[in-house]
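Novice: Quick one: the structure is below, questions incoming.
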Amino acid sequence: MTPVASKLYTDDVSLLMVLIDTNPFFWNSINSTLSFSKFLSNVLPFLNSILLLNQLNQVVLIATGYNSCDYIFYSSASQNHNQRAESLLQKLEEFVAKDESLCREDSVDGPGFSLLSGSLSMALCYIQKVFRSGPLHPRPRILCLHGSPDGPGQYVAIMNAIFSAQRLMVPVDSCILGAQHSAFLQQASYITGGVHLKPQQLDGLFQYLSTVFATDLHSRSFLQLPKPVGVDFRAACFCHKNTIDMGYICSVCLSIFCKHHKQCSTCGSVFG
Amino acid sequence: MADGQVMKRAKYKSSVKDPGVPGVLKMTRERFVFMPNDPNSSRKLNVEFRTIKGHKFTKEGSSRQALLNLTQEHGGNYILEFDSFADRDICREFVAAAIAFHGETGKATSEKPAAPLQGEQLSTAEMEHRIKLLQEDNELQMLHKQFVIGGILTEAEFWATRKKLLDQNDRRMPKQHVALKNEMWSVKPLSDGQSNRVTFNLTPEIILQIFAEKPAVRQAYLKCVPIKMSEKEFWTKYSRAEYLHSTKNVVAAAAEAAEDEELAIFLKQDDMLANEARRKIRRVDPTLDMEADVGDDYLHLLDHGLLREESKDVLDSQYEPYRRYFSQDLNQHAAVVLQGRVVDVELGDTRSVAEALARTKQAELANEASEGNSEIDLSHRISRIAEMDDLQGPRDPAVAHLCIKDPGDYFDSQQANALKALGDTGSGVKTLKCNVSPLEAYGSLRELVSEIRVRGLSEPITNPEVAFTVLSGLTQNISSTKYHLGKNPHESVLDSLPKVTREDLLHHWTSIQELLKHFWSSYPITTKYLYTKVTRLKDALSQVYPKLQEIKESVQSDFRHQVSLLVHPMLQALDAAFAHYDADVQKRSAKNGERTNGFV
């Protein structure tokens with residue numbers, strides 16, 4: 001980085017990775033309080049406001065689909081600044097079409113599960129790339145705008161991603177749009193030091209986003225942000241992917257099982 | 001206890017000045033009895049150790065009395081004088097053990113700690129160690145009293161899970177050595193103004209320091225004493241040399257050195273030191289950046305700011321070897337003090353001290369010689385350190401250390417879990433149960449996206465009223481959690497409960513944990529002993545159960561909900577234990593039933 005740029009680097013430069021849930025079955029099952037278009041019309045101004053807070057702020061948008069995930073928008077890409085929203089929406093449409101083409105099922109019950117583990121991993125890879133780009137880089141954080149219920153089949157992958165985020169010191173903020181609480185995202189925010197919020201009034205989503213989630217990491221040390229009352233620490237068992245309270249644990253690799261097994265399926269140790 | 005009693009001759013005094021009544025002192029675990037030699041005397045004593053709270057004693061010293069002072073709780077005390085310090089020390093240890101023993105079992109009763117099981121031999125040190133641990137930790141003591149004295153767990157089982165505590169104590173002795181004194185032994189002889197005599201006082205400590213700082217003196221000592229001269233003569237000569245130095249009269253020093261060979265050694269500069277310094281300089285890392293600080297501004301002062309007399313500069317080179325530089329002395333002294341005590345020899349015998357120091361120095365030399373091949377490593381290191389910043393590769397990003405969270409957090413935050421179990425209030429959004437085909441779902445999504453492309457973003461983004469409600473809701477939420485949970489985010493619900501309830505809850509929690517630990521560890525049941533143990537534990541657990549219900553009911557209505565949330569996981573754990581026990585009993589009776597069937 002040239003010396004000139006280093007003078008512009010203040011404490012509050014941030015890189016925001018936004019993961020939006022584009023699971024069509026979820027958006028279909030939600031009632032009209034928040035349709036997908038209303039959702040987008042709240043999120044786009046929020047992204048603009050992030051970019052207005054500081055000249056060096058960066059925003060990356062990743063879409064969490066039903067079958068795939070992809071990068072939708074980079075603020076650092078050199079394009080005509082007036083056309084940002086258009087290009088974002090264009091890419092989003094292309095992504096949805098691609099996701100549809102990958103769909104193999106005939107019908108899906110209820111909201112279905114979106115690929116949160118995939119988009120978390122993509123976000124963390126991008127962050128890792130930024131870390132290695134040089135000594136001067138913005139402070140990254142991840143914001144998950146998520147509505148689909150937790151997919152127990154992704155428990156292990158999501159936990160691994162969360163622990164990597166913790167190790168890299170990247171906070172994972174989460175905003176729950178659906179009806180039910182998400183245990184995974186609660187745990188993610190708790191362990192990485194991020195903010196977890198389940199808005200009561202979804203038509204004021206922009207107000208929630210700009211009050212709670214727009215703050216950069218440096219300012220968070222002197223701001224009071226909403227704290228959840230408790231965290232659901234329940235795990236999912238490795239054999240059936242059910243959420244359980246009490247179970248059996250392998251003393252070698254700490255894998256969790258709901259039923260008694262003769263042998264651990266993860267590390268192969270035999271239970272005596 | 002192996003020694004049941006101690007019997008010694010002693011004198012009982014009412015105060016230190018009192019000559020004392022001679023008699024016989026007999027001490028057992030429970031009490032001590034003093035019978036005076038004179039049967040008519042009324043100074044008999046028969047005191048229980050229960051009432052004795054402490055003991056004091058005089059230090060050893062030939063002119064002092066061997067006293068032992070036993071103090072009671074309400075200020076009374078008994079002073080005993082012994083014939084010898086050895087006697088006194090024996091009694092003192094006995095008294096200490098007795099006091100500790102009685103202190104542990106509390107004020108009212110004098111119960112013994114539970115007798116060790118057959119087959120388990122506890123040394124007295126072990127017993128005392130356990131007693132000390134119990135005294136230090138209130139919680140441990142409470143648990144011990146409740147379970148071991150109450151007969152639910154045996155002593156062995158109780159301590160079996162606490163092996164780490166028992167082992168820990170041995171390593172508590174600090175391994176610190178006494179360092180060398182930081183006073184430079186400068187010449188401060190006692191000179192009385194009248195006569196021309198100057199007296200020097202040399203203690204073994206000072207001798208050690210002299211040997212450590214001046215290797216030439218040490219070498220001279222080893223060579224000369226006791227062959228050429230006695231120790232006293234040696235030190236007299238040395239003191240004379242120091243005196244001459246103190247007068248700062250270099251010419252006189254040179255003159256005397258010319259006459260006396262040994263004196264010359266003391267007066268000249270230390271060659272061995274010079275060699276050592278040269279060797280050390282060679283070992284300094286050449287990449288060390290010796291740039292002086294701006295604040296260290298004394299360089300342009302002669303001799304680094306130390307005062308010097310002008311006359312010294314005019315002297316002849318002939319006197320050069322007899323000059324001593326204060327900065328050199330100071331540096332050498334500092335180096336020696338920082339190195340610490342290299343030898344651990346008794347200071348009385350000067351010769352052995354000198355030899356020990358000589359040996360350590362030789363060992364150092366040998367080590368250095370063997371490090372000759374470290375030169376190659378050194379050159380490698382130099383090439384690595386002298387890298388240029390611009391040419392450096394990217395460093396790995398900083399990572400946070402793994403941390404194991406405090407389990408206390410888990411206990412507090414389980415409220416949310418319990419909340420869910422008791423029925424969650426959903427938010428305003430309700431999901432419609434439906435079954436859609438992917439075509440429909442994706443189609444509607446794409447439509448919405450294109451709709452917004454066409455329509456553009458709405459203005460204003462949100463309804464102002466909605467925005468206001470959201471903002472006030474958020475503020476209230478944040479301030480209410482602050483209000484309820486306190487400014488400290490780690491403050492828990494427990495602190496807001498009334499003290500009695502809180503103590504009760506915590507007590508039940510720790511005792512349930514202890515019982516459950518033993519309960520679950522006894523499964524699978526393989527021996528009769530385990531079976532009886534499990535039955536005992538289950539009875540104890542079933543007694544706790546109604547107590548928890550009581551707590552829930554006894555608390556005020558404001559706190560009832562929170563308390564029930566806190567008690568809920570405890571009840572769950574107990575239920576799980578009972579269910580397991582019942583299932584196990586059923587299985588066993590089924591198995592037994594089968595067996596009798598087959599063997600009829």
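Every chain in the structure tokens has a letter given in the order shown (A, B, ...), and although residue numbers restart at 1 in each chain, ligands are simply numbered from 1 in the order shown.
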Find the residues near His240 of chain A: any atom within 9 Å, counting only C-alpha atoms, skip ones fewer than 6 places away on the same chain, and give them as a list of chain:residue names.
Specialist: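 Skipping anything fewer than 6 positions along the chain leaves A:Pro152, A:Gly153, A:Phe257, A:Cys258.
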Novice: Using only C-alpha atoms, determine which residues lie at most 7 Å from Pro140 of chain A, disregarding the query and same-chain residues fewer than 6 positions distant; provide the list as a ChimeraX atom specification.
Specialist: /A:14-16,127,170
Novice: Residues of chain A within 8 Å of chain B, counting only C-alpha atoms, what are they? List them as a VMD selection string.
Specialist: chain A and resid 24 to 25 27 to 31 33 36 to 37 41 to 42 45 86 89 92 to 93 96 to 97 100 103 105 to 110 131 to 135 166 to 169 178 to 180 200 to 201 203 to 204 206 to 208 211 224 to 227 229 to 233
Novice: Extract, using only C-alpha atoms, all DNA, RNA and protein residues at most 12 Å from Val270 of chain A, discarding same-chain residues fewer than 5 positions from it, and format them as an MDAnalysis selection string.
Specialist: chainID A and resid 250:253 260:265
Novice: Could you work out how far atom CA of Ala252 of chain B lies from atom CA of Arg240 of chain B, giving the answer in Å with one decimal?
Specialist: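 Here the two named atoms are 11.9 Å from each other.
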